[in-house]
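Quick notes on the structure that follows.
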Number of protein chains: 6
Amino acid sequence: MNPLLIHELVRAALLEDLGRAGDLTTDAIVSADTRAEALLVSRAAGVVAGVGFAEAAFRALDPDISFAVARGDGHAIGAGDLIARVAGRARAILSAERVALNFLGPLSGVATATAGIVRAVAHTRARVVCTRKTIPGLRAAQKHAVRCGGGANHRFGLDDAILIKDNHIAIAGGVTSALGRARAAAGHLVKIEIEVETLAQLEEALRAGVDAVLLDNMGPELLREAVRLTGGRAVTEASGRISPDTAPAIAETGVDLISAGWITHSAPVLDVGLDIG
Amino acid sequence: MNPLLIHELVRAALLEDLGRAGDLTTDAIVSADTRAEALLVSRAAGVVAGVGFAEAAFRALDPDISFAVARGDGHAIGAGDLIARVAGRARAILSAERVALNFLGPLSGVATATAGIVRAVAHTRARVVCTRKTIPGLRAAQKHAVRCGGGANHRFGLDDAILIKDNHIAIAGGVTSALGRARAAAGHLVKIEIEVETLAQLEEALRAGVDAVLLDNMGPELLREAVRLTGGRAVTEASGRISPDTAPAIAETGVDLISAGWITHSAPVLDVGLDIG
Amino acid sequence: MNPLLIHELVRAALLEDLGRAGDLTTDAIVSADTRAEALLVSRAAGVVAGVGFAEAAFRALDPDISFAVARGDGHAIGAGDLIARVAGRARAILSAERVALNFLGPLSGVATATAGIVRAVAHTRARVVCTRKTIPGLRAAQKHAVRCGGGANHRFGLDDAILIKDNHIAIAGGVTSALGRARAAAGHLVKIEIEVETLAQLEEALRAGVDAVLLDNMGPELLREAVRLTGGRAVTEASGRISPDTAPAIAETGVDLISAGWITHSAPVLDVGLDIG
Amino acid sequence: MNPLLIHELVRAALLEDLGRAGDLTTDAIVSADTRAEALLVSRAAGVVAGVGFAEAAFRALDPDISFAVARGDGHAIGAGDLIARVAGRARAILSAERVALNFLGPLSGVATATAGIVRAVAHTRARVVCTRKTIPGLRAAQKHAVRCGGGANHRFGLDDAILIKDNHIAIAGGVTSALGRARAAAGHLVKIEIEVETLAQLEEALRAGVDAVLLDNMGPELLREAVRLTGGRAVTEASGRISPDTAPAIAETGVDLISAGWITHSAPVLDVGLDIG
Amino acid sequence: MNPLLIHELVRAALLEDLGRAGDLTTDAIVSADTRAEALLVSRAAGVVAGVGFAEAAFRALDPDISFAVARGDGHAIGAGDLIARVAGRARAILSAERVALNFLGPLSGVATATAGIVRAVAHTRARVVCTRKTIPGLRAAQKHAVRCGGGANHRFGLDDAILIKDNHIAIAGGVTSALGRARAAAGHLVKIEIEVETLAQLEEALRAGVDAVLLDNMGPELLREAVRLTGGRAVTEASGRISPDTAPAIAETGVDLISAGWITHSAPVLDVGLDIG
Amino acid sequence: MNPLLIHELVRAALLEDLGRAGDLTTDAIVSADTRAEALLVSRAAGVVAGVGFAEAAFRALDPDISFAVARGDGHAIGAGDLIARVAGRARAILSAERVALNFLGPLSGVATATAGIVRAVAHTRARVVCTRKTIPGLRAAQKHAVRCGGGANHRFGLDDAILIKDNHIAIAGGVTSALGRARAAAGHLVKIEIEVETLAQLEEALRAGVDAVLLDNMGPELLREAVRLTGGRAVTEASGRISPDTAPAIAETGVDLISAGWITHSAPVLDVGLDIG
């Protein structure tokens, strides 16, 4: 992801948490020259994502902090595993702790959720991709976490690829017309995908020419037929209620991609804690 | 919450999604003067939160949009229920759809998760409160969603109340010392809460005088004893692995508050969709 | 205060002063490699506040500046006393001088004004507190300066405590109703204070239960009676036209707090200068 | 002043005051549909400045607010005089009240302080000017307030004119050298002023050619001689400890300008209140 | 382009031009209630781009301005042709004039330059595309202007497509290796283009599979051969020193695209003026 | 120029180019620990401006970059000349390359264009000055580039000098009236210039007293007469269609300044490249 965004996001989160008065508790109890060492430790098994955010949080409050990564982004970890060791001013460590964890926990949660689906379909050729159903402000961070979990990225926004949905098709008056308008407007480095709900729409799209087809909410039988019909003429993406349980049957239909909103909008946090030693 | 933040957050989310080039798909397919009407509809039962964010998203792209709320923040809804009706420029509706839903879904998810615990403890006197384990950038919005779900708010940040945790106690050299330093520094409108892990610590804290005690990770038996020991001298808050399943037994111990990080960091989205009519 | 705000405020002030073209005078006259040493010296007796802002101003224009604090925030100083010694690029020192002094002078002015009242009531048990009558943008900095002068902090904003004023009481239809609504909405870490103008209102507030009472514009006689009536059931705060002259009589009534808007909205600057050696 | 800055400054001040949670008190007590009318009234005699800021504060929280100005910027007012009448949503009026007053009071304080000196020297030809000793972030607003009080503006920053001070002269190796370097670098629309402490320096400056001379900390006798020596060849500005008491004697020396830092860095607030009717 | 960016860019430009003190000239000479009408008129032949920016500039200083577009973005105009008619507060029109023209002139310059090349190659099948050689801060605006001139857009940034350049190939150790790494990392909606300098590299790229090839600095003969060799297996883009003079010979080689940095980094302004009537 | 602006502008440009996903190409192909060395080399003869911007771009992505300037701002260079040598992380060099060049090329283009006119009038006493016809957001940077090319700066904005134009004169009802209003409002460090189109207007302006006169679109004969008529009573500035070709004849009329919008709004880029060694 764009590395400059880490700094921006962490700074905004610290301003949000420290507010005007700063950390009332720590400033009252801990003297400015007390030093401490702490461990970022996972309380559960999962995949790490967001270590750079955690480091940036501590460093923003103590530029001289020492931060040694034990298991960085993309590593699978078990409960009790060390992620990183922090040492420096105790005030900085205590005041930045929650912000560091509020990035590390949810982003590792995304990576872990992604890895769960990736594992479930590892016996197939399907890749797991994310969607634009992300938390406002955290899109690039969450998409990075998806990659940490072994997934691949879909569009980052409305502006980096064309994805024609049912409402666009309805307004355009059909698949062919929608694809025609899209192709006329698209630059030569812009790919075009279209959402189809029936095999008839799929055939129409393939005839018109398209880079990828989004097979929305189709059951395994229909998906299998869609893959066969497509015959490699476009990338096939299955979407709709993908979970580790439902993913295998969908992936076994031969689709190229299965996309899951759940991994970014509803992944439970990975429980990570900070232990002061 | 601070109403000015809605505008700031929505604008940032639209800039994130529209990027530099804007909505390539919609701009290619939908003409500037096409108008549309759409319904924000829930696909599942839950509690609404974030309707003001959705409205702000549409309005940012079409100042003349019509937005009529059917079931606003705090309303319980069932699958298929209408939340709001939008009418205006089709481009604005399609381009703002995902941002609107990315606020409405996750915030309603927080409200729904909160309501689930609130219901589970409705036969007790316990109130459900949130924590600082929130998504970076969305704290005020998520805390608002907790209230929509019937919960109450804990601290909004490190700066609006004192909450002494185990690490603070360790550095201060004990509960009494930590509370003494906190009281000396606290303004007269700052409340003080302390996290205790044993009845001995609880007794020490109550003797030193404190507004609230956080009873961390205690089982129901211990909690019951802690509540009896406290005897109304402080607000009692139980925390640690609260879920709709575990909440009743904890609430029945007589604690004043049960706090759950899960409702803000891991609540699944409420599935809300936009249907163009 | 939140340490991240220092950087933000200083940067904004430098952008304000340097504008587009930068320091025309210094850039024309002083070569880029000229070095200088300078002393921040007080021209009058007072209490220091804002040294961290001054340092940040010089450092923003010369990251390698040397800045040695002689008498830091909270120190009482006399005319001619050294506050800090700066050494580095002459251009940086001259271009940042005014911004450094525009923080150091007014903030030390706030600390000095506060200390004046604190001294005047030192023979009583009253603490001196500030208000929300602060300079826009400088609230956290001014509240910090109040603490440097020996005062304590009131609310930092509308969002960290409840303070019910006359207009709220009027709209609610009375003290009891206003307090009832406030208590129902307040989180467990939010204190509630109410402004009362008569002993009858005071009695009503105490009966309803409240953390603190703001005794507005009462004379010493009435204040004394209010303190007696309160009998320790709430923190008592006297406000209204507090100055070093009027403060003693008010503090001697036994109130817990005396609050003064004057120390933040009208404190004269402490005259601090920069002498290049 | 730049009118866009009013919006920026007011918005930042509201974000500072409302924080994350917003106005806890008002939101708890006043319903969203309650309406109110209020009067901005002066509690003392003075000169108004900053009415546009007050209006912007109310309007930011209620775009449909009615705001009728009775005595606008630059008007002299007495105690009890109406400045403006506000009507609209009660929540908006109560939540924006303090921010509105925190601009209106201090800016009117600057205007009033300026007017005091202007009146004191009205029998002379001297104009009263401000300095760069302003509150960080409020320079343009304070300079506007100086004009409301009948004063004139000095430089707005380091970038819109050249003002050579003692330290510049020392580094340049003398008045003539400093002026030479300045003239060589200055654009044709940049004026040059130099601070002189002796008549010898003054003579040297006038010989070298300069637009204005800052006669720093000279007594009336010396000033009179300096004015005579200058003989209209440059604008003469007297500075140093100007107050309404000291100003007449200085102005009577015949200087063109007297500059006072006090009117921007230490002017007491004009007491303005908001009365809800 | 993203419509929210227009507001952001115009606001920043007005803050840059109005500075702290605002429009000294207009505020001194024109009363606040004077009204005026003005015409935005082209002084030369060209293609219009940026009318929305001009409107936003006037509207920022007078929300009630009337702005009637005669010839909007993408229209070809001659010297003397009316672009838009503005009516409203004279101060707003005069103070925003330069900012409005500083967008309208350079953006129309980009559109006009683009149209010049488009016309020069109209007898061929080649489309004209822009590059990332844009003015910092204005990329989306300039890319929009390119479309107004009949051109098409290349990448908007480093993040919306992969373009492998000579340095990437050198570090990867060859075309095939670079393409392999790129394909492994690319999401399914990310296209891949590679810069080649020889026919051997071109062959290698086509064998490895690629969406587009950038034929850098090849002469017409070599281009013709490259097009033949490619045989429709990838989009062909010719780049390097494209001007209206050189473009026809290059376009006649049969390439799909010719890309020109000149149209965004060096296009002369279209002379547009504002005539007050 | 204000050195803080360099950091702000470069950061914004990097955010614009790197977007959400960052540099897809470089991140896919170049490993994080690859190091590289690169040369910033001019492809054409010209004058350098903007080296500090280039350095800031590389440093933002690699704080430990080594950046050695060979020919800094203001140096005349030939084709093939080295400007600076960069060494550090290869990813940082490749990802920042375009942003660095997008500042260095256009700013050096401004310097080169300026130097061209400066050379053309070197046999006269005329200085070359810029205008406010600058690229939005880049005014201070472009004005700095003009100085690098040997030119001088006109106003930086509407707020640092008064320049009365034809529309102001028309609204004021004449030259004398406009100058009177301007003088009454102007601070003592604000210079006043007026645009005149006839000798009659010039005479009227000189009689009223003015610092500079802008002789707009006058031919050499008329200019010569205007200079003679002025007789040193004001600075004379000739404007209108100034190019290296037309400049000598205009400068030979004896005017003090010739101002050219072309050097900032239409200067072609200086072709600068980055060669990785």
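Identifiers in the structure tokens: chain A, B, ... in order shown; residue index from 1 per chain; ligand index from 1 in order shown.
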Strand (DSSP E) positions in range 23-134 of chain A, given as JSON, numbers by chain: {"A": [35, 36, 37, 38, 39, 40, 41, 42, 46, 47, 66, 67, 68, 69, 76, 77, 82, 83, 84, 85, 86, 87, 88, 89, 127, 128, 129]}
How about saving the chosen residues, N, CA, C and O atoms kept, as a CSV table (one decimal), in the first residue's frame?
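Saved result, part14.csv, follows:
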```csv
chain,number,residue,atom,x,y,z
A,35,ARG,N,11.1,4.4,32.0
A,35,ARG,CA,11.2,3.6,30.8
A,35,ARG,C,10.6,2.2,30.9
A,35,ARG,O,10.4,1.8,32.1
A,36,ALA,N,10.2,1.6,29.8
A,36,ALA,CA,9.5,0.3,29.9
A,36,ALA,C,9.8,-0.5,28.7
A,36,ALA,O,10.3,0.0,27.7
A,37,GLU,N,9.6,-1.8,28.8
A,37,GLU,CA,9.7,-2.7,27.7
A,37,GLU,C,8.4,-3.5,27.6
A,37,GLU,O,7.8,-3.8,28.7
A,38,ALA,N,7.9,-3.7,26.5
A,38,ALA,CA,6.7,-4.4,26.3
A,38,ALA,C,6.7,-5.3,25.1
A,38,ALA,O,7.5,-5.2,24.2
A,39,LEU,N,5.8,-6.3,25.2
A,39,LEU,CA,5.7,-7.3,24.2
A,39,LEU,C,4.3,-7.3,23.5
A,39,LEU,O,3.3,-7.2,24.2
A,40,LEU,N,4.3,-7.2,22.2
A,40,LEU,CA,3.0,-7.4,21.5
A,40,LEU,C,2.9,-8.9,21.3
A,40,LEU,O,3.6,-9.5,20.5
A,41,VAL,N,1.8,-9.5,21.9
A,41,VAL,CA,1.7,-10.9,21.9
A,41,VAL,C,0.3,-11.3,21.4
A,41,VAL,O,-0.7,-10.6,21.8
A,42,SER,N,0.2,-12.3,20.6
A,42,SER,CA,-1.1,-12.7,20.1
A,42,SER,C,-1.7,-13.6,21.2
A,42,SER,O,-1.1,-14.4,21.8
A,46,GLY,N,-3.7,-17.0,14.3
A,46,GLY,CA,-4.1,-16.2,13.2
A,46,GLY,C,-3.0,-15.8,12.3
A,46,GLY,O,-1.9,-16.4,12.3
A,47,VAL,N,-3.2,-14.7,11.5
A,47,VAL,CA,-2.2,-14.2,10.6
A,47,VAL,C,-2.0,-12.7,10.9
A,47,VAL,O,-3.0,-12.0,11.1
A,66,SER,N,12.5,1.8,20.5
A,66,SER,CA,13.1,0.6,19.8
A,66,SER,C,11.9,-0.4,19.6
A,66,SER,O,11.1,-0.6,20.4
A,67,PHE,N,11.8,-0.8,18.3
A,67,PHE,CA,10.7,-1.7,17.9
A,67,PHE,C,11.3,-2.8,17.1
A,67,PHE,O,11.7,-2.6,16.0
A,68,ALA,N,11.3,-4.0,17.7
A,68,ALA,CA,11.9,-5.2,17.0
A,68,ALA,C,10.8,-6.2,16.6
A,68,ALA,O,10.1,-6.7,17.5
A,69,VAL,N,10.7,-6.4,15.3
A,69,VAL,CA,9.6,-7.3,14.8
A,69,VAL,C,10.0,-8.7,14.9
A,69,VAL,O,11.1,-9.1,14.4
A,76,ALA,N,1.9,-16.5,9.9
A,76,ALA,CA,0.9,-17.2,10.7
A,76,ALA,C,1.5,-17.4,12.1
A,76,ALA,O,2.6,-17.7,12.3
A,77,ILE,N,0.6,-17.1,13.1
A,77,ILE,CA,1.0,-17.2,14.5
A,77,ILE,C,0.0,-18.0,15.3
A,77,ILE,O,-1.1,-18.2,14.9
A,82,LEU,N,5.0,-14.2,20.1
A,82,LEU,CA,5.5,-12.8,20.1
A,82,LEU,C,5.4,-12.2,18.7
A,82,LEU,O,5.8,-12.8,17.7
A,83,ILE,N,4.8,-11.0,18.6
A,83,ILE,CA,4.8,-10.3,17.3
A,83,ILE,C,5.9,-9.2,17.2
A,83,ILE,O,6.7,-9.2,16.3
A,84,ALA,N,6.1,-8.5,18.3
A,84,ALA,CA,7.2,-7.5,18.3
A,84,ALA,C,7.5,-7.1,19.8
A,84,ALA,O,6.6,-7.3,20.7
A,85,ARG,N,8.7,-6.5,19.9
A,85,ARG,CA,9.1,-6.1,21.2
A,85,ARG,C,9.4,-4.6,21.2
A,85,ARG,O,10.0,-4.1,20.2
A,86,VAL,N,8.8,-3.9,22.1
A,86,VAL,CA,8.9,-2.4,22.1
A,86,VAL,C,9.7,-2.0,23.4
A,86,VAL,O,9.4,-2.5,24.5
A,87,ALA,N,10.5,-1.0,23.3
A,87,ALA,CA,11.2,-0.5,24.4
A,87,ALA,C,11.4,1.0,24.3
A,87,ALA,O,11.8,1.5,23.2
A,88,GLY,N,11.2,1.7,25.4
A,88,GLY,CA,11.4,3.2,25.3
A,88,GLY,C,10.7,3.9,26.4
A,88,GLY,O,10.5,3.3,27.5
A,89,ARG,N,10.2,5.1,26.2
A,89,ARG,CA,9.6,5.9,27.3
A,89,ARG,C,8.2,5.2,27.7
A,89,ARG,O,7.4,4.9,26.8
A,127,ARG,N,-8.7,-18.2,-6.4
A,127,ARG,CA,-8.1,-17.2,-5.5
A,127,ARG,C,-9.2,-16.5,-4.8
A,127,ARG,O,-10.3,-16.3,-5.3
A,128,VAL,N,-8.9,-16.0,-3.6
A,128,VAL,CA,-9.8,-15.3,-2.8
A,128,VAL,C,-9.6,-13.8,-2.9
A,128,VAL,O,-8.4,-13.3,-2.8
A,129,VAL,N,-10.6,-13.0,-3.2
A,129,VAL,CA,-10.4,-11.6,-3.4
A,129,VAL,C,-11.4,-10.8,-2.5
A,129,VAL,O,-12.4,-11.3,-2.1
```
Do you have, as a tab-separated table, the list of residues of chain C lying at most 6 Å from chain D, each with its nearest atom pair and that distance in Å to one decimal, counting only C-alpha atoms and ordered by chain then number?
```
residue	atom	partner	partner_atom	distance
C:Ala13	CA	D:Pro136	CA	5.3
C:Asp17	CA	D:Gly157	CA	4.6
C:Leu18	CA	D:Leu158	CA	5.3
C:Gly19	CA	D:Asp159	CA	5.9
C:Ala21	CA	D:Asp159	CA	5.1
C:Gly22	CA	D:Asp159	CA	5.1
C:Asp23	CA	D:Leu158	CA	4.7
C:Leu24	CA	D:Asp159	CA	5.4
C:Thr25	CA	D:Ile162	CA	5.0
C:Ala28	CA	D:Ala182	CA	5.4
C:Ile29	CA	D:Arg181	CA	5.6
C:Pro136	CA	D:Ala13	CA	5.3
C:Gly137	CA	D:Ala13	CA	5.8
C:Gly157	CA	D:Asp17	CA	4.6
C:Leu158	CA	D:Asp23	CA	4.6
C:Asp159	CA	D:Ala21	CA	5.1
C:Ile162	CA	D:Thr25	CA	5.0
C:Arg181	CA	D:Ile29	CA	5.6
C:Ala182	CA	D:Ala28	CA	5.4
C:Ala185	CA	D:Ala28	CA	5.7
C:Ser266	CA	D:Pro268	CA	4.2
C:Pro268	CA	D:Ser266	CA	4.2
C:Val269	CA	D:Ser266	CA	5.5
```
I need the chosen residues saved as a tab-separated table (two decimals), in the first residue's frame, with all heavy atoms.
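So out_22.tsv came out as:
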```
chain	number	residue	atom	x	y	z
C	13	ALA	N	1.25	28.00	12.87
C	13	ALA	CA	1.67	29.38	13.17
C	13	ALA	C	2.83	29.80	12.26
C	13	ALA	O	2.90	30.96	11.83
C	13	ALA	CB	2.06	29.49	14.64
C	17	ASP	N	2.90	32.90	9.56
C	17	ASP	CA	3.83	34.02	9.61
C	17	ASP	C	4.73	34.07	8.38
C	17	ASP	O	5.05	35.15	7.88
C	17	ASP	CB	4.70	33.91	10.88
C	17	ASP	CG	5.32	35.25	11.25
C	17	ASP	OD1	4.80	36.30	10.81
C	17	ASP	OD2	6.32	35.28	11.99
C	18	LEU	N	5.15	32.94	7.89
C	18	LEU	CA	6.07	32.91	6.75
C	18	LEU	C	5.34	33.07	5.42
C	18	LEU	O	5.96	33.41	4.40
C	18	LEU	CB	6.87	31.60	6.74
C	18	LEU	CG	7.92	31.47	7.85
C	18	LEU	CD1	8.37	30.03	8.02
C	18	LEU	CD2	9.12	32.36	7.53
C	19	GLY	N	4.06	32.81	5.41
C	19	GLY	CA	3.25	33.01	4.20
C	19	GLY	C	3.81	32.29	3.00
C	19	GLY	O	4.33	31.18	3.11
C	21	ALA	N	6.05	33.78	0.63
C	21	ALA	CA	7.40	34.18	0.20
C	21	ALA	C	8.45	33.91	1.27
C	21	ALA	O	9.65	34.01	0.99
C	21	ALA	CB	7.40	35.67	-0.15
C	22	GLY	N	8.03	33.55	2.48
C	22	GLY	CA	9.00	33.32	3.54
C	22	GLY	C	9.50	34.64	4.14
C	22	GLY	O	8.91	35.70	3.92
C	23	ASP	N	10.56	34.56	4.90
C	23	ASP	CA	11.08	35.71	5.64
C	23	ASP	C	11.93	36.57	4.70
C	23	ASP	O	13.14	36.38	4.56
C	23	ASP	CB	11.91	35.21	6.83
C	23	ASP	CG	12.37	36.34	7.73
C	23	ASP	OD1	12.29	37.53	7.32
C	23	ASP	OD2	12.83	36.05	8.85
C	24	LEU	N	11.29	37.55	4.06
C	24	LEU	CA	11.98	38.39	3.07
C	24	LEU	C	13.22	39.05	3.65
C	24	LEU	O	14.26	39.13	3.00
C	24	LEU	CB	11.03	39.48	2.56
C	24	LEU	CG	9.81	39.06	1.73
C	24	LEU	CD1	9.02	40.30	1.33
C	24	LEU	CD2	10.25	38.29	0.51
C	25	THR	N	13.09	39.52	4.86
C	25	THR	CA	14.19	40.29	5.46
C	25	THR	C	15.39	39.40	5.74
C	25	THR	O	16.52	39.70	5.32
C	25	THR	CB	13.71	40.92	6.79
C	25	THR	OG1	12.45	41.55	6.57
C	25	THR	CG2	14.71	41.93	7.30
C	28	ALA	N	17.14	37.98	2.73
C	28	ALA	CA	17.90	38.97	1.97
C	28	ALA	C	19.23	39.31	2.65
C	28	ALA	O	20.22	39.61	1.98
C	28	ALA	CB	17.08	40.25	1.81
C	29	ILE	N	19.25	39.26	3.96
C	29	ILE	CA	20.38	39.84	4.70
C	29	ILE	C	21.31	38.79	5.29
C	29	ILE	O	22.52	39.00	5.39
C	29	ILE	CB	19.84	40.77	5.83
C	29	ILE	CG1	19.18	41.99	5.18
C	29	ILE	CG2	20.93	41.17	6.79
C	29	ILE	CD1	18.52	42.93	6.15
C	136	PRO	N	-9.70	30.71	20.60
C	136	PRO	CA	-9.98	29.63	19.65
C	136	PRO	C	-8.70	29.01	19.10
C	136	PRO	O	-7.81	29.71	18.63
C	136	PRO	CB	-10.76	30.34	18.53
C	136	PRO	CG	-11.44	31.48	19.22
C	136	PRO	CD	-10.47	31.94	20.27
C	137	GLY	N	-8.64	27.70	19.18
C	137	GLY	CA	-7.49	26.96	18.69
C	137	GLY	C	-6.44	26.67	19.74
C	137	GLY	O	-5.62	25.78	19.58
C	157	GLY	N	-13.93	20.77	27.03
C	157	GLY	CA	-14.85	21.03	25.93
C	157	GLY	C	-16.26	20.67	26.35
C	157	GLY	O	-16.53	20.32	27.51
C	158	LEU	N	-17.16	20.74	25.40
C	158	LEU	CA	-18.55	20.42	25.66
C	158	LEU	C	-18.77	18.93	25.84
C	158	LEU	O	-19.87	18.50	26.20
C	158	LEU	CB	-19.41	20.92	24.50
C	158	LEU	CG	-19.52	22.44	24.37
C	158	LEU	CD1	-20.04	22.82	23.00
C	158	LEU	CD2	-20.42	22.98	25.46
C	159	ASP	N	-17.75	18.15	25.55
C	159	ASP	CA	-17.94	16.71	25.43
C	159	ASP	C	-17.32	15.88	26.54
C	159	ASP	O	-17.42	14.66	26.51
C	159	ASP	CB	-17.36	16.23	24.09
C	159	ASP	CG	-15.85	16.48	24.02
C	159	ASP	OD1	-15.40	17.49	24.60
C	159	ASP	OD2	-15.15	15.67	23.40
C	162	ILE	N	-20.65	17.23	31.94
C	162	ILE	CA	-21.91	17.95	31.78
C	162	ILE	C	-21.92	19.15	32.72
C	162	ILE	O	-21.60	19.01	33.89
C	162	ILE	CB	-23.10	17.01	32.06
C	162	ILE	CG1	-23.24	16.02	30.90
C	162	ILE	CG2	-24.39	17.79	32.30
C	162	ILE	CD1	-24.37	15.02	31.05
C	181	ARG	N	-32.69	14.56	33.27
C	181	ARG	CA	-32.35	14.28	31.88
C	181	ARG	C	-30.84	14.07	31.71
C	181	ARG	O	-30.41	13.21	30.94
C	181	ARG	CB	-32.78	15.45	30.99
C	181	ARG	CG	-34.28	15.66	30.94
C	181	ARG	CD	-34.64	16.73	29.91
C	181	ARG	NE	-36.01	17.20	30.10
C	181	ARG	CZ	-36.60	18.15	29.40
C	181	ARG	NH1	-35.91	18.75	28.42
C	181	ARG	NH2	-37.83	18.52	29.62
C	182	ALA	N	-30.07	14.86	32.41
C	182	ALA	CA	-28.62	14.74	32.29
C	182	ALA	C	-28.15	13.38	32.80
C	182	ALA	O	-27.36	12.70	32.15
C	182	ALA	CB	-27.94	15.86	33.08
C	185	ALA	N	-28.74	10.47	30.52
C	185	ALA	CA	-27.93	10.40	29.30
C	185	ALA	C	-26.45	10.20	29.58
C	185	ALA	O	-25.71	9.75	28.70
C	185	ALA	CB	-28.11	11.69	28.50
C	266	SER	N	-8.04	37.05	29.00
C	266	SER	CA	-7.56	38.43	29.13
C	266	SER	C	-6.23	38.57	29.84
C	266	SER	O	-5.83	39.69	30.18
C	266	SER	CB	-8.61	39.27	29.87
C	266	SER	OG	-9.82	39.31	29.15
C	268	PRO	N	-2.61	39.39	30.42
C	268	PRO	CA	-1.59	40.06	29.61
C	268	PRO	C	-0.40	39.13	29.40
C	268	PRO	O	-0.11	38.27	30.22
C	268	PRO	CB	-1.21	41.28	30.45
C	268	PRO	CG	-1.65	40.96	31.84
C	268	PRO	CD	-2.79	40.00	31.73
C	269	VAL	N	0.23	39.33	28.26
C	269	VAL	CA	1.40	38.54	27.89
C	269	VAL	C	2.50	38.71	28.94
C	269	VAL	O	2.61	39.76	29.58
C	269	VAL	CB	1.86	39.04	26.50
C	269	VAL	CG1	2.77	40.23	26.62
C	269	VAL	CG2	2.45	37.96	25.68
```
Every residue of range 97-192 of chain B that DSSP places in alpha helix (DSSP H), as a ChimeraX atom specification: /B:97-120,139-148,166-172,175-185
Near-Ser108 in chain F list (9 Å; only C-alpha atoms; drop same-chain fewer than 4 positions) as a PyMOL selection string: chain F and resi 46-50+73-74+103-104+112-113+145+148-149+269-272
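Put simply, CA of Ala212 in chain B is 28.3 Å away from CA of Gln201 in chain C.
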